[in-house]
$ cat final_6.cif   # mmCIF, C-alpha atoms
data_entry
#
loop_
_atom_site.label_atom_id
_atom_site.label_comp_id
_atom_site.auth_asym_id
_atom_site.auth_seq_id
_atom_site.Cartn_x
_atom_site.Cartn_y
_atom_site.Cartn_z
CA MET A 1 0.00 0.00 0.00
CA ASN A 2 1.36 3.39 -0.99
CA LYS A 3 1.42 5.85 1.93
CA LEU A 4 3.21 8.60 0.03
CA TYR A 5 1.07 11.42 -1.37
CA PRO A 6 2.23 14.03 -3.89
CA SER A 7 1.22 17.07 -1.81
CA ALA A 8 -0.05 18.07 1.61
CA GLU A 9 -3.44 18.82 0.04
CA ALA A 10 -3.59 15.33 -1.48
CA ALA A 11 -2.51 13.74 1.81
CA LEU A 12 -5.46 15.38 3.58
CA GLN A 13 -7.98 14.62 0.82
CA GLY A 14 -11.17 13.13 2.25
CA VAL A 15 -10.18 13.31 5.89
CA LEU A 16 -11.09 16.92 6.77
CA HIS A 17 -14.49 18.00 8.04
CA ASP A 18 -15.88 20.95 10.01
CA GLY A 19 -15.85 20.58 13.80
CA MET A 20 -13.19 17.87 13.89
CA LEU A 21 -10.57 17.28 16.60
CA ILE A 22 -7.01 17.44 15.32
CA ALA A 23 -3.96 16.46 17.39
CA SER A 24 -0.86 18.29 16.24
CA GLY A 25 2.84 17.91 17.02
CA GLY A 26 5.38 20.67 17.58
CA PHE A 27 6.71 22.73 20.47
CA GLY A 28 6.56 26.44 19.79
CA LEU A 29 7.64 26.59 16.15
CA CYS A 30 10.02 23.63 16.55
CA GLY A 31 8.89 20.65 14.52
CA ILE A 32 5.45 21.98 13.59
CA PRO A 33 3.73 20.32 10.61
CA GLU A 34 3.71 23.55 8.63
CA ARG A 35 2.85 22.11 5.19
CA LEU A 36 -0.16 20.22 6.58
CA LEU A 37 -1.35 23.24 8.58
CA LYS A 38 -1.12 25.36 5.43
CA ALA A 39 -3.15 22.75 3.52
CA ILE A 40 -5.79 22.73 6.26
CA GLN A 41 -5.97 26.52 5.98
CA THR A 42 -6.36 26.31 2.20
CA SER A 43 -9.12 23.68 2.52
CA GLY A 44 -11.30 26.19 4.41
CA VAL A 45 -12.44 23.57 6.94
CA LYS A 46 -13.63 25.32 10.13
CA ASP A 47 -14.78 25.03 13.77
CA LEU A 48 -11.67 22.99 14.45
CA THR A 49 -10.48 21.88 17.87
CA PHE A 50 -6.71 21.49 18.14
CA ALA A 51 -4.94 19.46 20.79
CA SER A 52 -1.53 21.09 20.48
CA ASN A 53 0.95 22.22 23.11
CA ASN A 54 1.00 25.76 21.66
CA ALA A 55 -1.05 27.81 19.23
CA GLY A 56 1.80 29.00 17.01
CA ILE A 57 2.72 32.66 16.83
CA ASP A 58 1.18 35.36 14.67
CA ASN A 59 0.57 33.83 11.25
CA GLU A 60 2.92 30.88 11.89
CA GLY A 61 1.75 27.35 12.66
CA ILE A 62 -1.77 27.20 14.08
CA GLY A 63 -1.52 31.01 14.19
CA MET A 64 -2.28 30.89 10.44
CA LEU A 65 -5.58 29.14 11.11
CA LEU A 66 -6.46 31.54 13.91
CA ARG A 67 -6.10 34.42 11.49
CA THR A 68 -8.56 32.81 9.08
CA ARG A 69 -10.95 32.02 11.99
CA GLN A 70 -10.93 28.27 11.40
CA VAL A 71 -10.24 27.33 15.03
CA LYS A 72 -13.02 27.02 17.59
CA LYS A 73 -11.08 25.60 20.50
CA MET A 74 -7.50 24.98 21.65
CA ILE A 75 -6.39 22.29 24.12
CA SER A 76 -2.93 23.61 25.05
CA SER A 77 -0.49 24.14 27.90
CA TYR A 78 0.99 27.47 26.81
CA VAL A 79 -0.30 30.07 24.37
CA GLY A 80 1.92 33.15 24.83
CA GLU A 81 3.60 35.16 22.08
CA ASN A 82 0.51 35.31 19.87
CA LYS A 83 -1.36 38.61 19.45
CA GLU A 84 -4.24 37.29 17.33
CA PHE A 85 -4.76 34.48 19.82
CA GLU A 86 -4.97 37.05 22.65
CA ARG A 87 -7.45 39.16 20.72
CA GLN A 88 -9.81 36.26 19.91
CA TYR A 89 -9.50 34.78 23.39
CA LEU A 90 -10.24 38.08 25.18
CA ALA A 91 -13.15 38.72 22.80
CA GLY A 92 -14.62 35.33 23.70
CA GLU A 93 -14.33 34.10 20.11
CA LEU A 94 -11.95 31.27 20.94
CA GLU A 95 -12.37 28.59 23.57
CA VAL A 96 -9.26 27.40 25.44
CA GLU A 97 -8.83 24.33 27.62
CA PHE A 98 -5.57 24.73 29.52
CA CYS A 99 -3.97 21.37 30.07
CA PRO A 100 -0.66 20.83 31.89
CA GLN A 101 2.05 19.98 29.36
CA GLY A 102 2.79 16.52 30.70
CA THR A 103 -0.90 15.71 31.06
CA LEU A 104 -1.45 16.75 27.43
CA ALA A 105 1.39 14.52 26.22
CA GLU A 106 0.10 11.61 28.31
CA ARG A 107 -3.49 12.16 27.09
CA MET A 108 -2.21 11.74 23.53
CA ARG A 109 -0.07 8.74 24.46
CA ALA A 110 -2.99 7.16 26.33
CA GLY A 111 -5.42 7.73 23.45
CA GLY A 112 -2.95 6.11 21.08
CA ALA A 113 -2.51 3.19 23.45
CA GLY A 114 -6.25 2.56 23.83
CA ILE A 115 -6.43 3.94 27.35
CA PRO A 116 -9.52 6.16 27.86
CA GLY A 117 -8.41 7.65 31.17
CA PHE A 118 -5.60 7.70 33.71
CA TYR A 119 -4.96 9.11 37.16
CA THR A 120 -2.23 11.68 37.65
CA ARG A 121 -0.92 13.72 40.56
CA THR A 122 -0.50 16.71 38.23
CA GLY A 123 -3.01 19.48 38.85
CA PHE A 124 -4.41 18.07 42.09
CA GLY A 125 -5.75 20.92 44.23
CA THR A 126 -5.76 23.36 41.28
CA LEU A 127 -8.32 24.71 38.78
CA VAL A 128 -7.28 21.93 36.39
CA ALA A 129 -8.81 19.32 38.70
CA GLU A 130 -12.18 21.04 38.99
CA GLY A 131 -15.07 18.81 37.94
CA LYS A 132 -12.79 15.78 37.55
CA GLU A 133 -12.87 12.59 39.58
CA ILE A 134 -10.29 12.45 42.39
CA LYS A 135 -9.10 9.07 43.59
CA SER A 136 -6.79 8.21 46.45
CA PHE A 137 -4.03 5.62 45.97
CA ASP A 138 -1.81 4.75 48.96
CA GLY A 139 -2.78 7.96 50.73
CA GLU A 140 -2.10 10.31 47.78
CA ASP A 141 -4.83 11.99 45.73
CA TYR A 142 -4.84 11.77 41.94
CA VAL A 143 -6.90 13.43 39.17
CA LEU A 144 -8.68 11.43 36.45
CA GLU A 145 -7.66 12.70 33.00
CA ARG A 146 -9.04 11.50 29.67
CA GLY A 147 -7.10 10.04 26.78
CA ILE A 148 -7.34 11.98 23.51
CA PHE A 149 -8.82 10.13 20.54
CA ALA A 150 -8.40 12.60 17.69
CA ASP A 151 -10.20 12.47 14.33
CA LEU A 152 -6.88 13.33 12.70
CA ALA A 153 -3.26 13.54 13.81
CA ILE A 154 -0.75 15.70 11.98
CA ALA A 155 2.97 15.84 12.65
CA LYS A 156 6.40 16.44 11.21
CA ALA A 157 9.28 13.98 11.24
CA TRP A 158 12.82 14.13 9.86
CA LYS A 159 13.08 10.93 7.82
CA ALA A 160 10.62 8.27 6.79
CA ASP A 161 11.07 5.11 4.82
CA GLU A 162 8.45 4.07 2.25
CA THR A 163 6.50 2.14 4.89
CA GLY A 164 6.18 5.10 7.27
CA ASN A 165 8.83 4.13 9.80
CA LEU A 166 9.88 7.47 11.27
CA VAL A 167 12.99 9.11 12.65
CA PHE A 168 12.77 12.52 14.31
CA ARG A 169 15.58 15.04 14.76
CA LYS A 170 16.77 16.51 18.09
CA THR A 171 14.11 18.43 20.06
CA ALA A 172 11.77 18.49 17.03
CA ARG A 173 10.48 15.10 18.22
CA ASN A 174 8.49 16.66 21.12
CA PHE A 175 4.71 16.21 20.70
CA ASN A 176 5.04 14.87 17.15
CA LEU A 177 5.45 11.31 18.35
CA PRO A 178 2.54 11.08 20.85
CA ALA A 179 0.27 13.14 18.56
CA LEU A 180 0.72 10.72 15.65
CA THR A 181 -0.33 7.77 17.79
CA CYS A 182 -3.70 9.22 18.88
CA GLY A 183 -5.36 9.97 15.54
CA LYS A 184 -7.94 7.78 13.78
CA ILE A 185 -5.85 8.70 10.78
CA ALA A 186 -2.28 9.99 11.06
CA VAL A 187 -0.64 12.14 8.39
CA VAL A 188 3.03 13.05 8.62
CA GLU A 189 5.22 15.42 6.62
CA VAL A 190 8.93 14.68 6.44
CA GLU A 191 12.18 16.24 5.26
CA GLU A 192 13.38 13.12 3.49
CA ILE A 193 11.92 9.82 2.23
CA VAL A 194 14.39 6.98 2.04
CA PRO A 195 14.01 3.46 0.59
CA ALA A 196 12.89 0.69 2.96
CA GLY A 197 15.99 -0.94 4.39
CA SER A 198 18.06 2.23 4.65
CA LEU A 199 16.93 3.08 8.19
CA ASP A 200 18.41 0.96 10.97
CA PRO A 201 15.43 -0.99 12.42
CA ASP A 202 16.94 -0.48 15.88
CA GLN A 203 16.90 3.29 15.44
CA ILE A 204 13.25 3.82 14.38
CA HIS A 205 11.52 6.27 16.76
CA LEU A 206 7.96 5.49 15.64
CA PRO A 207 7.08 2.40 13.61
CA GLY A 208 5.06 2.83 10.45
CA VAL A 209 2.00 1.08 11.88
CA TYR A 210 0.96 4.46 13.30
CA VAL A 211 1.29 6.31 9.99
CA GLN A 212 -1.35 6.15 7.22
CA ARG A 213 -0.26 8.97 4.94
CA MET A 214 2.98 10.85 4.25
CA VAL A 215 4.12 13.82 2.27
CA MET A 216 7.58 15.13 1.44
CA GLY A 217 7.62 18.67 2.82
CA ALA A 218 11.18 19.82 2.04
CA PRO A 219 12.68 22.29 1.47
CA TYR A 220 11.96 23.79 4.90
CA ASP A 221 12.80 27.27 6.02
CA LYS A 222 12.74 26.45 9.73
CA LYS A 223 11.73 29.34 11.95
CA ILE A 224 13.35 30.09 15.31
CA GLU A 225 11.54 32.06 18.01
CA PHE A 226 14.59 33.20 19.99
CA VAL A 227 18.07 32.92 18.49
CA THR A 228 20.51 32.83 21.41
CA THR A 229 24.24 32.37 20.78
CA ARG A 230 27.62 32.68 22.50
CA GLU A 231 30.77 34.32 21.22
CA ARG A 232 33.47 32.14 19.72
CA GLU A 233 36.71 32.60 21.68
CA SER A 234 39.19 34.60 19.65
CA THR A 235 41.66 32.34 17.78
CA ARG A 236 44.37 34.98 17.63
CA MET B 1 21.89 44.22 51.53
CA SER B 2 19.53 41.84 49.82
CA TRP B 3 20.62 39.21 47.28
CA THR B 4 20.53 40.07 43.58
CA ARG B 5 18.77 37.76 41.10
CA ASP B 6 22.14 36.24 40.26
CA GLN B 7 23.00 35.71 43.93
CA MET B 8 19.62 34.03 44.50
CA ALA B 9 20.43 31.69 41.62
CA ALA B 10 23.88 31.02 43.10
CA ARG B 11 22.23 30.13 46.42
CA ALA B 12 19.90 27.69 44.67
CA ALA B 13 22.93 26.14 42.93
CA GLN B 14 24.34 25.20 46.35
CA GLU B 15 21.52 22.63 46.58
CA LEU B 16 22.85 20.72 43.55
CA GLN B 17 24.57 17.41 44.18
CA ASP B 18 26.84 15.29 42.04
CA GLY B 19 24.83 13.11 39.68
CA PHE B 20 21.63 15.13 39.94
CA TYR B 21 19.19 15.38 37.04
CA VAL B 22 17.74 18.90 37.21
CA ASN B 23 15.02 20.93 35.49
CA LEU B 24 15.36 24.72 35.62
CA GLY B 25 12.40 27.03 35.07
CA ILE B 26 12.41 30.26 33.10
CA GLY B 27 13.73 33.55 34.62
CA ILE B 28 15.97 33.51 37.72
CA PRO B 29 16.01 29.66 37.74
CA THR B 30 17.72 29.67 34.31
CA LEU B 31 20.64 31.58 35.90
CA VAL B 32 21.30 28.61 38.21
CA ALA B 33 23.06 26.92 35.28
CA ASN B 34 25.81 29.58 35.49
CA HIS B 35 26.62 28.61 39.09
CA ILE B 36 26.93 24.82 38.98
CA PRO B 37 29.96 23.97 41.17
CA GLU B 38 32.89 22.77 39.03
CA ASN B 39 33.54 19.66 41.11
CA ILE B 40 30.12 18.10 40.49
CA HIS B 41 28.37 16.74 37.42
CA VAL B 42 24.75 17.77 36.89
CA THR B 43 22.54 16.88 33.91
CA LEU B 44 19.97 19.50 32.92
CA GLN B 45 16.61 18.40 31.53
CA SER B 46 14.64 20.40 29.00
CA GLU B 47 10.96 19.46 29.16
CA ASN B 48 10.54 19.68 25.38
CA GLY B 49 12.58 16.48 25.14
CA MET B 50 16.27 16.60 26.04
CA LEU B 51 18.65 15.57 28.79
CA GLY B 52 22.09 17.19 28.80
CA ILE B 53 21.46 20.80 27.77
CA GLY B 54 24.60 22.43 26.40
CA PRO B 55 25.44 26.16 26.27
CA PHE B 56 24.02 28.56 23.69
CA PRO B 57 25.44 27.61 20.27
CA TYR B 58 28.07 29.51 18.30
CA PRO B 59 26.37 31.73 15.68
CA ASP B 60 27.25 29.32 12.84
CA GLU B 61 25.93 26.29 14.76
CA VAL B 62 22.40 27.53 15.46
CA ASP B 63 19.89 24.73 14.76
CA ALA B 64 16.12 25.34 14.61
CA ASP B 65 15.56 21.72 15.71
CA LEU B 66 17.50 22.26 18.94
CA ILE B 67 15.80 24.57 21.43
CA ASN B 68 15.07 24.68 25.17
CA ALA B 69 11.68 25.02 26.88
CA GLY B 70 12.00 28.81 26.59
CA LYS B 71 12.28 28.33 22.78
CA GLN B 72 15.89 29.59 22.80
CA THR B 73 18.52 27.89 20.64
CA ILE B 74 20.90 25.66 22.62
CA SER B 75 23.61 23.06 21.89
CA GLU B 76 24.08 19.40 22.76
CA LEU B 77 26.74 17.70 24.92
CA PRO B 78 28.48 14.35 24.41
CA HIS B 79 26.04 12.65 26.82
CA SER B 80 22.85 14.37 25.59
CA ALA B 81 19.72 12.34 24.86
CA TYR B 82 16.53 13.28 23.02
CA PHE B 83 13.03 11.92 23.60
CA ASP B 84 9.39 12.80 22.99
CA SER B 85 7.15 14.91 25.25
CA ALA B 86 5.34 11.91 26.78
CA GLN B 87 8.68 10.36 27.76
CA SER B 88 9.88 13.74 29.04
CA PHE B 89 6.98 14.09 31.42
CA ALA B 90 7.04 10.42 32.36
CA MET B 91 10.49 11.05 33.84
CA ILE B 92 9.25 14.25 35.52
CA ARG B 93 5.98 12.84 36.88
CA GLY B 94 7.58 9.51 37.71
CA GLY B 95 10.03 11.02 40.19
CA HIS B 96 13.19 10.47 38.12
CA ILE B 97 14.24 14.13 38.18
CA ASP B 98 16.04 15.03 41.40
CA LEU B 99 15.46 18.74 41.62
CA THR B 100 13.63 21.62 39.98
CA VAL B 101 14.00 25.35 40.52
CA LEU B 102 10.92 27.43 39.72
CA GLY B 103 9.85 31.04 39.95
CA ALA B 104 6.63 31.99 41.76
CA MET B 105 4.16 34.79 42.31
CA GLU B 106 3.12 33.48 45.74
CA VAL B 107 4.14 30.69 48.13
CA SER B 108 2.04 29.73 51.15
CA GLN B 109 3.20 28.59 54.58
CA ASN B 110 2.00 25.04 53.85
CA GLY B 111 4.03 24.83 50.62
CA ASP B 112 1.43 25.74 48.01
CA ILE B 113 2.72 27.60 44.96
CA ALA B 114 0.97 29.96 42.53
CA ASN B 115 2.90 30.91 39.42
CA TRP B 116 0.73 30.59 36.33
CA MET B 117 -2.35 32.75 36.39
CA ILE B 118 -3.60 36.14 37.56
CA PRO B 119 -7.42 36.28 37.25
CA GLY B 120 -8.54 39.14 35.03
CA LYS B 121 -5.17 39.31 33.31
CA LEU B 122 -4.20 37.45 30.19
CA ILE B 123 -3.61 33.75 30.85
CA LYS B 124 -0.75 32.21 28.92
CA GLY B 125 -0.93 28.76 30.48
CA MET B 126 0.92 26.63 32.98
CA GLY B 127 3.23 24.89 30.52
CA GLY B 128 5.01 22.12 32.42
CA ALA B 129 4.98 23.76 35.88
CA MET B 130 2.11 21.69 37.31
CA ASP B 131 3.78 18.46 36.21
CA LEU B 132 7.14 19.52 37.68
CA VAL B 133 5.75 20.34 41.12
CA ALA B 134 3.72 17.11 41.08
CA GLY B 135 6.61 14.80 40.33
CA VAL B 136 10.12 16.13 40.94
CA LYS B 137 11.79 14.92 44.15
CA LYS B 138 12.86 18.32 45.48
CA ILE B 139 11.12 21.60 44.59
CA ILE B 140 12.96 24.88 45.16
CA CYS B 141 11.12 28.13 44.65
CA VAL B 142 13.02 31.36 43.91
CA MET B 143 11.19 34.69 44.09
CA GLU B 144 11.44 38.29 45.31
CA HIS B 145 10.40 38.45 48.95
CA VAL B 146 7.78 41.14 48.34
CA SER B 147 5.85 42.35 45.27
CA LYS B 148 6.63 45.55 43.37
CA HIS B 149 4.13 47.24 45.67
CA GLY B 150 5.85 45.91 48.78
CA GLU B 151 3.23 43.24 49.52
CA PRO B 152 4.48 39.98 51.09
CA LYS B 153 4.53 37.00 48.70
CA PHE B 154 5.27 34.32 51.34
CA ILE B 155 1.82 34.26 52.91
CA PRO B 156 -0.59 32.09 54.98
CA GLU B 157 -2.63 31.08 51.91
CA CYS B 158 -2.16 31.83 48.23
CA THR B 159 -4.68 34.29 46.80
CA LEU B 160 -3.89 33.34 43.18
CA PRO B 161 -4.92 30.06 41.50
CA LEU B 162 -2.51 27.31 42.54
CA THR B 163 0.07 25.51 40.45
CA GLY B 164 0.49 22.86 43.13
CA LYS B 165 -0.69 22.12 46.63
CA ASN B 166 1.79 21.37 49.45
CA VAL B 167 4.74 20.84 47.11
CA ILE B 168 7.52 23.36 47.93
CA ASP B 169 10.56 22.12 49.89
CA MET B 170 12.69 25.26 49.89
CA LEU B 171 12.04 28.95 49.29
CA ILE B 172 14.86 31.30 48.33
CA THR B 173 14.06 35.03 48.26
CA ASP B 174 16.26 38.09 47.96
CA LEU B 175 16.21 38.32 51.78
CA ALA B 176 16.32 34.80 53.16
CA VAL B 177 16.13 31.03 52.72
CA PHE B 178 13.32 28.89 54.20
CA GLN B 179 13.32 25.12 54.26
CA ARG B 180 11.26 22.25 55.62
CA PRO B 181 12.29 18.61 56.07
CA ASP B 182 9.00 17.13 54.82
CA HIS B 183 5.56 18.15 53.58
CA SER B 184 3.88 17.95 56.99
CA SER B 185 6.36 20.28 58.72
CA PRO B 186 6.38 24.08 58.74
CA PHE B 187 9.10 26.07 57.00
CA ARG B 188 12.08 27.23 59.05
CA LEU B 189 14.15 30.34 58.37
CA ILE B 190 17.64 28.88 57.84
CA GLU B 191 19.63 31.69 56.28
CA LEU B 192 19.64 35.48 55.88
CA ALA B 193 21.11 37.54 53.04
CA PRO B 194 24.16 39.53 54.22
CA GLY B 195 23.10 42.50 56.34
CA VAL B 196 19.45 41.40 56.51
CA THR B 197 18.04 40.77 60.00
CA ALA B 198 15.47 38.20 61.07
CA ASP B 199 13.24 41.06 62.20
CA GLU B 200 13.35 42.64 58.74
CA VAL B 201 12.33 39.31 57.20
CA SER B 202 9.55 38.89 59.72
CA ALA B 203 8.24 42.39 58.99
CA ARG B 204 7.96 41.53 55.28
CA THR B 205 6.39 38.08 55.72
CA ASN B 206 2.79 37.12 56.51
CA ALA B 207 3.39 33.38 56.51
CA ILE B 208 4.04 31.62 59.80
CA TYR B 209 7.45 29.95 59.93
CA LEU B 210 9.93 28.70 62.53
CA SER B 211 12.98 30.83 63.17
#

$ encode --input "final_6.cif" --output "structure tokens"
Amino acid sequence: MNKLYPSAEAALQGVLHDGMLIASGGFGLCGIPERLLKAIQTSGVKDLTFASNNAGIDNEGIGMLLRTRQVKKMISSYVGENKEFERQYLAGELEVEFCPQGTLAERMRAGGAGIPGFYTRTGFGTLVAEGKEIKSFDGEDYVLERGIFADLAIAKAWKADETGNLVFRKTARNFNLPALTCGKIAVVEVEEIVPAGSLDPDQIHLPGVYVQRMVMGAPYDKKIEFVTTRERESTR
Amino acid sequence: MSWTRDQMAARAAQELQDGFYVNLGIGIPTLVANHIPENIHVTLQSENGMLGIGPFPYPDEVDADLINAGKQTISELPHSAYFDSAQSFAMIRGGHIDLTVLGAMEVSQNGDIANWMIPGKLIKGMGGAMDLVAGVKKIICVMEHVSKHGEPKFIPECTLPLTGKNVIDMLITDLAVFQRPDHSSPFRLIELAPGVTADEVSARTNAIYLS
């Protein structure tokens, strides 16, 4: 079965619908599935809920879809550095469910692993626990959190072989891996597609069983939010 | 003479031990990395998926795929390891990280911390702070002793929405250090900044503590 599609638009053909829940990878602008997000914007699909750690920045990442008013709700842990997000949120046009970062990652992992709920210490005694079941184990209280079962998962990886085995690069792995596991259908964009057999089977980060569709997204012009450097010691 | 931000960070760095795995928050906690004693080896964790954070890169080695939790470019070390966000927080929540240093808006006398939300002001989110205070073995909080308006921040009960309940082990301010041996004991004043008296600390604190 061919998992490789000629474009991001083609890779999303037939899977988008209004009001759907999309799990997306990326941390800030690092490792965001920018080609797929652009294709979702172009499709015009709306009332979307995104489970994504962040909401992009102005006109980058999910920020693009905020600008075109295609997002109804965000499930995120941190949404700073985004003026349009602030405007829509303060105007009551955008719903936000704040979810602790580790709980969000685990909700994706759990959904992908067929686990509908789990108990965590995170958020106990805070606003995050309000309205949720609390259960005591060995004298400690834990909060019941739900797994995420997304209609669609989108992510970016570094390399894929033809069967969808994936390798990520450095800290661009982040939410891309758990997000891909929790979608009814998972679509990934990559920087390079290599023939089956050229990736070391011991070095695969996510096996192709989780991936239904792929698109080659290169060349990428990767954005950096804060470039911080040190001086090279003088060689004189 | 109160401690500067850098001196507060240096004081927090004294709590590091050889072999520790450590997560540093954003702000003053980040400065702790500049004060790691030379005779010990500490591995820094970045919650976006890395152990072994290296220094900022040289200008020609900047890599968009290599950033810290503050979204700044960083570099890797020979022993660095990368992993996904679920794995990152499994090690945080699961008690595998020895120590975290976090900033705060308020700390209460029973160890509650508030550092993510001011009602009525724009909410940016808690990021990984709730997970860190829920799972890391030792939680150190670093903050100014009083607010810009001179209001005490170490108080009987937090007025702001909590990040975690009964989680703080040590509080370092610009005036003093408070510590408690376990989560059912009160904090004790254990150290004063040079030239600061216990009475001055008491006058700027509403929380009850042992001295």

$ resolve_selection --input "final_6.cif" --expression "the PyMOL selection byres ((chain A) within 6 of (chain B))" --output "mmCIF file with C-alpha atoms, in the coordinates of the input"
data_model
loop_
_atom_site.group_PDB
_atom_site.id
_atom_site.type_symbol
_atom_site.label_atom_id
_atom_site.label_comp_id
_atom_site.auth_asym_id
_atom_site.auth_seq_id
_atom_site.Cartn_x
_atom_site.Cartn_y
_atom_site.Cartn_z
ATOM 1 C CA CYS A 30 10.020 23.630 16.550
ATOM 2 C CA SER A 77 -0.490 24.140 27.900
ATOM 3 C CA TYR A 78 0.990 27.470 26.810
ATOM 4 C CA VAL A 79 -0.300 30.070 24.370
ATOM 5 C CA GLY A 80 1.920 33.150 24.830
ATOM 6 C CA PRO A 100 -0.660 20.830 31.890
ATOM 7 C CA GLN A 101 2.050 19.980 29.360
ATOM 8 C CA GLY A 102 2.790 16.520 30.700
ATOM 9 C CA ALA A 105 1.390 14.520 26.220
ATOM 10 C CA GLU A 106 0.100 11.610 28.310
ATOM 11 C CA ARG A 121 -0.920 13.720 40.560
ATOM 12 C CA THR A 122 -0.500 16.710 38.230
ATOM 13 C CA GLY A 123 -3.010 19.480 38.850
ATOM 14 C CA GLY A 125 -5.750 20.920 44.230
ATOM 15 C CA THR A 126 -5.760 23.360 41.280
ATOM 16 C CA LYS A 170 16.770 16.510 18.090
ATOM 17 C CA THR A 171 14.110 18.430 20.060
ATOM 18 C CA ALA A 172 11.770 18.490 17.030
ATOM 19 C CA ARG A 173 10.480 15.100 18.220
ATOM 20 C CA ASN A 174 8.490 16.660 21.120
ATOM 21 C CA PHE A 175 4.710 16.210 20.700
ATOM 22 C CA ILE A 224 13.350 30.090 15.310
ATOM 23 C CA PHE A 226 14.590 33.200 19.990
ATOM 24 C CA VAL A 227 18.070 32.920 18.490
ATOM 25 C CA THR A 228 20.510 32.830 21.410
ATOM 26 C CA THR A 229 24.240 32.370 20.780
ATOM 27 C CA ARG A 230 27.620 32.680 22.500
#

$ atom_distance --input "final_6.cif" --atom1 "CA of Ala55 in chain A" --atom2 "CA of Ser76 in chain A"
7.4 Å

$ residues_around --input "final_6.cif" --residues "Gly197 in chain A" --least-positions-apart "6" --cutoff "12 Å" --atoms "all atoms listed in the file" --output "list in words"
Ala160, Asp161, Glu162, Thr163, Gly164, Asn165, Gln203 and Ile204 of chain A

$ closest_residue --input "final_6.cif" --among "A:Pro201, A:Gly61, A:Gly56, A:Gly183" --to "Glu34 in chain A" --atoms "all atoms listed in the file"
A:Gly61

$ residues_around --input "final_6.cif" --residues "Leu36 in chain A" --least-positions-apart "2" --cutoff "12 Å" --atoms "all atoms listed in the file" --output "PDB file with C-alpha atoms, keeping the file's coordinate frame"
ATOM      1  CA  TYR A   5       1.070  11.420  -1.370  1.00  0.00           C
ATOM      2  CA  SER A   7       1.220  17.070  -1.810  1.00  0.00           C
ATOM      3  CA  ALA A   8      -0.050  18.070   1.610  1.00  0.00           C
ATOM      4  CA  GLU A   9      -3.440  18.820   0.040  1.00  0.00           C
ATOM      5  CA  ALA A  10      -3.590  15.330  -1.480  1.00  0.00           C
ATOM      6  CA  ALA A  11      -2.510  13.740   1.810  1.00  0.00           C
ATOM      7  CA  LEU A  12      -5.460  15.380   3.580  1.00  0.00           C
ATOM      8  CA  GLN A  13      -7.980  14.620   0.820  1.00  0.00           C
ATOM      9  CA  LEU A  16     -11.090  16.920   6.770  1.00  0.00           C
ATOM     10  CA  ILE A  22      -7.010  17.440  15.320  1.00  0.00           C
ATOM     11  CA  SER A  24      -0.860  18.290  16.240  1.00  0.00           C
ATOM     12  CA  GLY A  25       2.840  17.910  17.020  1.00  0.00           C
ATOM     13  CA  ILE A  32       5.450  21.980  13.590  1.00  0.00           C
ATOM     14  CA  PRO A  33       3.730  20.320  10.610  1.00  0.00           C
ATOM     15  CA  GLU A  34       3.710  23.550   8.630  1.00  0.00           C
ATOM     16  CA  LYS A  38      -1.120  25.360   5.430  1.00  0.00           C
ATOM     17  CA  ALA A  39      -3.150  22.750   3.520  1.00  0.00           C
ATOM     18  CA  ILE A  40      -5.790  22.730   6.260  1.00  0.00           C
ATOM     19  CA  GLN A  41      -5.970  26.520   5.980  1.00  0.00           C
ATOM     20  CA  THR A  42      -6.360  26.310   2.200  1.00  0.00           C
ATOM     21  CA  SER A  43      -9.120  23.680   2.520  1.00  0.00           C
ATOM     22  CA  GLY A  61       1.750  27.350  12.660  1.00  0.00           C
ATOM     23  CA  ILE A  62      -1.770  27.200  14.080  1.00  0.00           C
ATOM     24  CA  MET A  64      -2.280  30.890  10.440  1.00  0.00           C
ATOM     25  CA  LEU A  65      -5.580  29.140  11.110  1.00  0.00           C
ATOM     26  CA  LEU A 152      -6.880  13.330  12.700  1.00  0.00           C
ATOM     27  CA  ALA A 153      -3.260  13.540  13.810  1.00  0.00           C
ATOM     28  CA  ILE A 154      -0.750  15.700  11.980  1.00  0.00           C
ATOM     29  CA  ALA A 155       2.970  15.840  12.650  1.00  0.00           C
ATOM     30  CA  LYS A 156       6.400  16.440  11.210  1.00  0.00           C
ATOM     31  CA  ALA A 186      -2.280   9.990  11.060  1.00  0.00           C
ATOM     32  CA  VAL A 187      -0.640  12.140   8.390  1.00  0.00           C
ATOM     33  CA  VAL A 188       3.030  13.050   8.620  1.00  0.00           C
ATOM     34  CA  GLU A 189       5.220  15.420   6.620  1.00  0.00           C
ATOM     35  CA  VAL A 190       8.930  14.680   6.440  1.00  0.00           C
ATOM     36  CA  ARG A 213      -0.260   8.970   4.940  1.00  0.00           C
ATOM     37  CA  MET A 214       2.980  10.850   4.250  1.00  0.00           C
ATOM     38  CA  VAL A 215       4.120  13.820   2.270  1.00  0.00           C
ATOM     39  CA  MET A 216       7.580  15.130   1.440  1.00  0.00           C
ATOM     40  CA  GLY A 217       7.620  18.670   2.820  1.00  0.00           C
TER      41      GLY A 217
END

$ residues_around --input "final_6.cif" --residues "His183 in chain B" --least-positions-apart "3" --cutoff "8 Å" --atoms "only C-alpha atoms" --output "PyMOL selection string"
chain B and resi 110-111+166-169+180+186

$ write_last_selection --input "final_6.cif" --atoms "C-alpha atoms" --output "compact mmCIF listing (two decimals), in the coordinates of the input"
# COMPACT_ATOMS: atom_id res chain seq x y z
CA ASN B 110 2.00 25.04 53.85
CA GLY B 111 4.03 24.83 50.62
CA ASN B 166 1.79 21.37 49.45
CA VAL B 167 4.74 20.84 47.11
CA ILE B 168 7.52 23.36 47.93
CA ASP B 169 10.56 22.12 49.89
CA ARG B 180 11.26 22.25 55.62
CA PRO B 186 6.38 24.08 58.74
